[in-house]
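Peer 1: Sending over my_file.txt (compact mmCIF, C-alpha atoms and all ligand atoms).
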```
# COMPACT_ATOMS: atom_id res chain seq x y z
CA MET A 1 13.60 -5.97 13.58
CA LYS A 2 11.99 -5.95 10.13
CA ARG A 3 10.75 -2.57 8.99
CA ILE A 4 7.92 -1.35 6.79
CA ALA A 5 7.60 1.93 4.89
CA ILE A 6 4.07 2.90 3.88
CA PHE A 7 3.43 5.17 0.88
CA ALA A 8 0.00 6.81 0.96
CA SER A 9 -1.71 9.78 -0.67
CA GLY A 10 -4.99 10.21 1.14
CA SER A 11 -7.05 9.35 4.18
CA GLY A 12 -4.92 6.38 5.15
CA SER A 13 -7.49 4.07 6.71
CA ASN A 14 -5.41 1.10 5.51
CA ALA A 15 -2.25 2.68 6.87
CA GLN A 16 -4.05 3.09 10.18
CA ARG A 17 -4.99 -0.60 10.33
CA ILE A 18 -1.44 -1.62 9.43
CA MET A 19 0.03 0.64 12.16
CA GLU A 20 -2.45 -0.79 14.68
CA HIS A 21 -1.60 -4.34 13.64
CA PHE A 22 2.15 -3.94 14.16
CA LYS A 23 2.03 -1.64 17.20
CA ARG A 24 2.84 -4.36 19.73
CA ASN A 25 4.91 -6.57 17.44
CA LYS A 26 8.49 -6.91 18.70
CA GLU A 27 9.90 -8.20 15.40
CA MET A 28 8.24 -5.96 12.81
CA GLU A 29 7.34 -2.29 12.79
CA VAL A 30 6.06 0.51 10.60
CA ALA A 31 9.15 2.72 10.55
CA LEU A 32 8.06 5.42 8.09
CA VAL A 33 5.02 6.90 6.35
CA LEU A 34 5.74 8.67 3.07
CA CYS A 35 3.16 10.95 1.52
CA ASN A 36 2.95 13.17 -1.56
CA LYS A 37 0.22 15.44 -0.14
CA PRO A 38 1.09 17.79 2.73
CA ASP A 39 -2.54 17.95 3.94
CA ALA A 40 -3.37 14.24 3.70
CA TYR A 41 -5.05 12.81 6.79
CA VAL A 42 -2.68 9.83 6.77
CA LEU A 43 0.00 12.16 8.21
CA GLN A 44 -2.14 12.85 11.24
CA ARG A 45 -2.78 9.16 11.67
CA ALA A 46 0.98 8.44 11.57
CA ASP A 47 1.62 11.17 14.17
CA ASN A 48 -0.95 9.52 16.43
CA PHE A 49 1.12 6.31 16.29
CA GLU A 50 4.38 8.25 16.64
CA VAL A 51 5.53 6.92 13.29
CA PRO A 52 7.93 9.28 11.46
CA THR A 53 6.59 10.86 8.29
CA HIS A 54 8.12 12.32 5.17
CA VAL A 55 6.30 14.52 2.65
CA PHE A 56 7.72 14.74 -0.84
CA ASN A 57 6.93 16.11 -4.28
CA ARG A 58 7.40 14.71 -7.78
CA GLU A 59 10.86 16.22 -8.19
CA GLU A 60 12.15 14.56 -5.03
CA LEU A 61 10.68 11.13 -5.81
CA TYR A 62 11.58 10.93 -9.49
CA HIS A 63 14.77 12.99 -9.73
CA THR A 64 16.68 12.62 -6.45
CA ASN A 65 17.86 9.76 -4.24
CA SER A 66 16.75 11.28 -0.96
CA ILE A 67 13.83 8.87 -0.43
CA ASP A 68 16.09 5.94 -1.32
CA ASN A 69 18.63 7.16 1.25
CA LEU A 70 15.97 7.68 3.89
CA MET A 71 14.72 4.12 3.43
CA LYS A 72 18.28 2.80 3.46
CA ASN A 73 19.10 4.63 6.70
CA LEU A 74 15.97 3.23 8.33
CA GLU A 75 16.75 -0.26 6.98
CA ILE A 76 13.37 -0.66 5.33
CA ASP A 77 12.61 -4.27 4.35
CA LEU A 78 9.20 -3.93 2.74
CA ILE A 79 7.43 -1.06 0.98
CA VAL A 80 3.65 -1.05 1.33
CA LEU A 81 1.48 1.10 -0.93
CA ALA A 82 -1.81 1.98 0.76
CA GLY A 83 -3.78 4.33 -1.46
CA PHE A 84 -0.66 5.75 -3.14
CA MET A 85 -1.55 7.18 -6.53
CA TRP A 86 1.80 7.72 -8.28
CA LEU A 87 4.01 5.16 -10.01
CA ILE A 88 7.03 3.98 -8.06
CA PRO A 89 10.20 4.89 -10.00
CA GLU A 90 12.00 2.04 -11.70
CA ARG A 91 15.20 2.42 -9.64
CA ILE A 92 13.22 1.79 -6.43
CA ILE A 93 11.39 -1.16 -8.00
CA GLN A 94 14.76 -2.66 -8.88
CA ALA A 95 16.29 -2.01 -5.47
CA TYR A 96 13.25 -3.54 -3.72
CA SER A 97 12.54 -6.48 -6.02
CA LYS A 98 9.56 -8.47 -4.62
CA ARG A 99 9.58 -6.10 -1.65
CA ILE A 100 6.89 -3.65 -2.79
CA VAL A 101 3.21 -4.49 -2.46
CA ASN A 102 0.02 -2.65 -3.34
CA ILE A 103 -3.65 -3.09 -2.59
CA HIS A 104 -6.30 -2.47 -5.24
CA PRO A 105 -10.05 -2.22 -4.53
CA ALA A 106 -11.22 -4.70 -7.20
CA LEU A 107 -10.48 -8.14 -8.57
CA LEU A 108 -7.49 -7.56 -10.85
CA PRO A 109 -6.76 -7.91 -13.73
CA LYS A 110 -10.17 -6.31 -14.18
CA PHE A 111 -10.76 -2.67 -13.24
CA GLY A 112 -7.11 -1.67 -12.86
CA GLY A 113 -4.75 0.70 -14.63
CA GLU A 114 -3.99 4.39 -14.65
CA GLY A 115 -6.80 6.55 -13.28
CA MET A 116 -8.58 3.58 -11.72
CA TYR A 117 -8.82 4.46 -8.07
CA GLY A 118 -11.42 5.19 -5.42
CA LYS A 119 -15.00 5.72 -6.58
CA LYS A 120 -14.11 5.26 -10.27
CA VAL A 121 -13.24 1.61 -9.68
CA HIS A 122 -16.54 0.86 -7.95
CA GLU A 123 -18.54 2.71 -10.61
CA ALA A 124 -16.85 0.65 -13.34
CA VAL A 125 -17.55 -2.57 -11.43
CA LEU A 126 -21.26 -1.68 -11.10
CA GLU A 127 -21.44 -0.70 -14.74
CA SER A 128 -20.00 -4.07 -15.79
CA GLY A 129 -22.89 -6.01 -14.28
CA ASP A 130 -20.50 -8.29 -12.35
CA THR A 131 -22.04 -10.02 -9.36
CA GLU A 132 -18.93 -9.95 -7.21
CA THR A 133 -16.04 -7.65 -6.44
CA GLY A 134 -13.23 -7.65 -3.91
CA ILE A 135 -9.61 -6.78 -3.23
CA SER A 136 -6.29 -7.65 -4.83
CA ILE A 137 -2.93 -7.50 -3.09
CA HIS A 138 -0.08 -7.65 -5.59
CA TYR A 139 3.62 -7.04 -6.10
CA VAL A 140 4.39 -3.71 -7.73
CA ASN A 141 6.10 -3.35 -11.09
CA GLU A 142 6.56 -0.42 -13.48
CA LEU A 143 2.92 -0.44 -14.58
CA PHE A 144 -0.22 0.50 -12.67
CA ASP A 145 -1.86 -2.52 -11.00
CA GLU A 146 -0.05 -5.15 -13.11
CA GLY A 147 2.38 -6.96 -10.80
CA GLU A 148 1.94 -10.59 -9.74
CA ILE A 149 -1.14 -11.13 -7.58
CA ILE A 150 -0.41 -12.36 -4.06
CA TYR A 151 -3.90 -12.55 -2.60
CA GLN A 152 -7.53 -11.82 -3.48
CA SER A 153 -10.69 -11.81 -1.40
CA ARG A 154 -14.23 -11.48 -2.76
CA CYS A 155 -17.62 -10.14 -1.76
CA LEU A 156 -21.02 -10.26 -3.44
CA ILE A 157 -22.61 -7.23 -5.07
CA ASP A 158 -26.25 -6.71 -4.03
CA SER A 159 -28.75 -5.26 -6.48
CA ASN A 160 -29.15 -2.14 -4.33
CA ASP A 161 -25.39 -1.48 -3.92
CA ASP A 162 -24.13 1.87 -5.16
CA ALA A 163 -20.48 2.94 -5.45
CA GLU A 164 -20.46 4.15 -1.86
CA LYS A 165 -21.78 0.88 -0.47
CA LEU A 166 -19.29 -1.11 -2.52
CA ALA A 167 -16.46 1.12 -1.33
CA TYR A 168 -17.50 0.41 2.25
CA LYS A 169 -17.61 -3.38 1.73
CA VAL A 170 -14.28 -3.38 -0.07
CA HIS A 171 -12.61 -1.23 2.58
CA GLN A 172 -13.78 -3.72 5.22
CA LEU A 173 -12.07 -6.52 3.29
CA GLU A 174 -8.91 -4.45 2.88
CA HIS A 175 -8.71 -3.66 6.57
CA LEU A 176 -9.26 -7.29 7.48
CA HIS A 177 -6.68 -8.84 5.17
CA TYR A 178 -3.93 -6.37 4.25
CA PRO A 179 -2.12 -6.25 7.64
CA LYS A 180 -2.08 -10.04 7.93
CA ILE A 181 -0.80 -10.56 4.38
CA ILE A 182 1.95 -8.00 5.04
CA GLU A 183 2.93 -9.85 8.21
CA ASP A 184 3.05 -13.19 6.35
CA LEU A 185 5.22 -11.68 3.61
CA LEU A 186 7.60 -10.14 6.12
CA LYS A 187 7.97 -13.44 7.96
CA LYS A 188 9.13 -15.07 4.73
CA LEU A 189 11.50 -12.24 3.76
CA ASP A 190 15.14 -12.26 4.76
CA LYS A 191 16.34 -9.02 6.31
CA LYS A 192 17.21 -6.73 3.41
CA VAL A 193 20.93 -6.23 2.86
CA TYR A 194 21.91 -2.79 1.65
CA PRO A 195 25.08 -2.77 -0.46
CA GLY A 196 27.89 -0.99 1.35
CA THR A 197 26.36 -1.29 4.81
CA HIS A 198 27.36 -4.88 5.68
C1 LIG A 201 -7.97 1.85 -0.94
O1 LIG A 201 -9.27 1.41 -1.19
C2 LIG A 201 -7.01 1.25 -1.94
O2 LIG A 201 -7.40 -0.02 -2.38
C3 LIG A 201 -7.09 2.23 -3.08
O3 LIG A 201 -7.12 3.49 -2.45
C4 LIG A 201 -7.86 3.36 -1.23
C5 LIG A 201 -7.14 4.11 -0.13
O4 LIG A 201 -7.94 4.17 1.00
N1 LIG A 201 -5.99 2.11 -3.98
C6 LIG A 201 -6.10 2.17 -5.30
O5 LIG A 201 -7.15 2.44 -5.85
C7 LIG A 201 -4.82 1.89 -6.09
N2 LIG A 201 -5.08 1.82 -7.47
P1 LIG A 201 -7.34 4.59 2.41
O6 LIG A 201 -6.56 5.90 2.20
O7 LIG A 201 -8.51 4.81 3.29
O8 LIG A 201 -6.44 3.49 2.89
```
Can the structure in the file be given as structure tokens, please?

Peer 2:
Amino acid sequence: MKRIAIFASGSGSNAQRIMEHFKRNKEMEVALVLCNKPDAYVLQRADNFEVPTHVFNREELYHTNSIDNLMKNLEIDLIVLAGFMWLIPERIIQAYSKRIVNIHPALLPKFGGEGMYGKKVHEAVLESGDTETGISIHYVNELFDEGEIIYQSRCLIDSNDDAEKLAYKVHQLEHLHYPKIIEDLLKKLDKKVYPGTH
């Protein structure tokens, strides 16, 4: 069995689609949802799928190994960021080289970076006068939204689109593509070997 851990900070509509996608898969599963906000709706969504959850704060993520140990014990193969708004610490990036992916609601390298999330991204896209937008799925490195791009999908911007309408279109693209791209990545990944456990 290959196992996914999802990091999320908010509503978790992407997390929901990913959990739905893998629910009946016998070779891959969502084994853990990690969240930095105790009242985030994603936790409810995970409960509905009977996926274990873990809530943490900055101190735990950046200054202890407890999340690392949790992921090791659950034999996590791939880390999926789905609306997670903090940087992943360098030690985790090193331990999960090419095993951490993120989704961004625009066509990177444009409209990325610190503070670029949610409505702000779509407002910046509209402001730019671009005629298309879309999604980017990329590997995660130490910087916000800068890892190697794995996949992009585009949609047109209509003259009457506002940030809310763009957010809706982009979410549709995310929900359609992210679970499938994750599945394809997992198929290609060897089972992760944790030092000291094999
Ligand atoms: C998604 O649109 C995702 O692309 C974005 O947060 C949203 C989370 O929605 N991520 C970023 O902006 C990362 N920079 P969700 O909680 O409904 O899945």

Peer 1: Show me which residues sit within 8 Å of ligand LIG 201 (chain A) when counting only C-alpha atoms and all ligand atoms, and put them as an MDAnalysis selection string.

Peer 2: chainID A and resid 8:16 42 82:85 102:106 112:118 121 135 144:145 167 170:171 174

Peer 1: Any idea what the distance is between atom CA of A:Gln44 and atom CA of A:Ile67?

Peer 2: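 So the answer is 20.2 Å.
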
Peer 1: List the spatial neighbours of A:Pro38 as number ranges by chain - criterion: any atom at most 8 Å away, all atoms listed in the file, same-chain residues fewer than 3 positions off excluded.

Peer 2: A: 35, 43, 55

Peer 1: Considering all atoms listed in the file, can you say which of A:Val80, A:Ala40, A:Leu176, A:Leu126 comes closest to A:Asp158?

Peer 2: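 Closest to A:Asp158, using all atoms listed in the file: A:Leu126.
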
Peer 1: Quote the spacing between atom CA of A:Gln152 and atom CA of A:Ile100 in Å to one decimal place.

Peer 2: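 Between these atoms lies a distance of 16.6 Å.
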
Peer 1: Which neighbours of A:Ile150 fall inside 12 Å, counting only C-alpha atoms, when residues of the same chain fewer than 6 positions from it are skipped, and could you give them as a ChimeraX atom specification?

Peer 2: /A:98,100-104,107-108,135-140,177-178,181-182,184-185

Peer 1: Counting only C-alpha atoms, which residue out of A:Ser159, A:Val33, A:Leu81, A:Ile149 sits closest to A:Gly129?

Peer 2: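 Closest residue, counting only C-alpha atoms: A:Ser159.
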
Peer 1: Just want the 8 Å neighbourhood of A:Phe56, counted on only C-alpha atoms, with same-chain residues fewer than 6 positions away dropped. Output as an MDAnalysis selection string.

Peer 2: chainID A and resid 34:37

Peer 1: So, counting all atoms listed in the file, which residue among A:His122, A:Lys2, A:Asp68, A:Leu87 is closest to A:Lys192?

Peer 2: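 Looking only at the distances to A:Lys192, the closest residue turns out to be A:Lys2.
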
Peer 1: Could you work out how far atom CA of A:Ile88 lies from atom CA of A:Leu61, giving the answer in Å with one decimal?

Peer 2: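 Answer for the atom CA of A:Leu61 to atom CA of A:Ile88 separation: 8.3 Å.
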
Peer 1: Which is closer to A:Pro179 than all the others in A:Arg17, A:Arg58, A:Lys72, A:Lys120, using all atoms listed in the file?

Peer 2: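 For A:Pro179, the nearest of the given residues is A:Arg17.
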
Peer 1: Quick one: of A:Arg45, A:Lys26, A:His54, A:Arg99, who's nearest to A:Asn141, counting only C-alpha atoms?

Peer 2: A:Arg99

Peer 1: Edge lengths and centre in Å to one decimal, as JSON, of the axis-aligned box that encloses all listed atoms of stretch 48-59 of chain A with 4 Å added on every side?

Peer 2:
```
{"center_x": 5.0, "center_y": 11.3, "center_z": 4.2, "size_x": 19.8, "size_y": 17.9, "size_z": 32.8}
```

Peer 1: With 6 Å as the threshold, what does the neighbourhood of (-13.5, -10.5, 3.0) contain in terms of residues, counting only C-alpha atoms? Coordinates are those of the file; answer as JSON, numbers by chain.

Peer 2: {"A": [153, 154, 173]}

Peer 1: With only C-alpha atoms as the basis for distance, which of A:Asn69, A:Ser128, A:Thr133, A:Gln172 is at the shortest distance from A:Tyr194?

Peer 2: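 Going through A:Asn69, A:Ser128, A:Thr133, A:Gln172 one by one, the smallest distance to A:Tyr194 is for A:Asn69.
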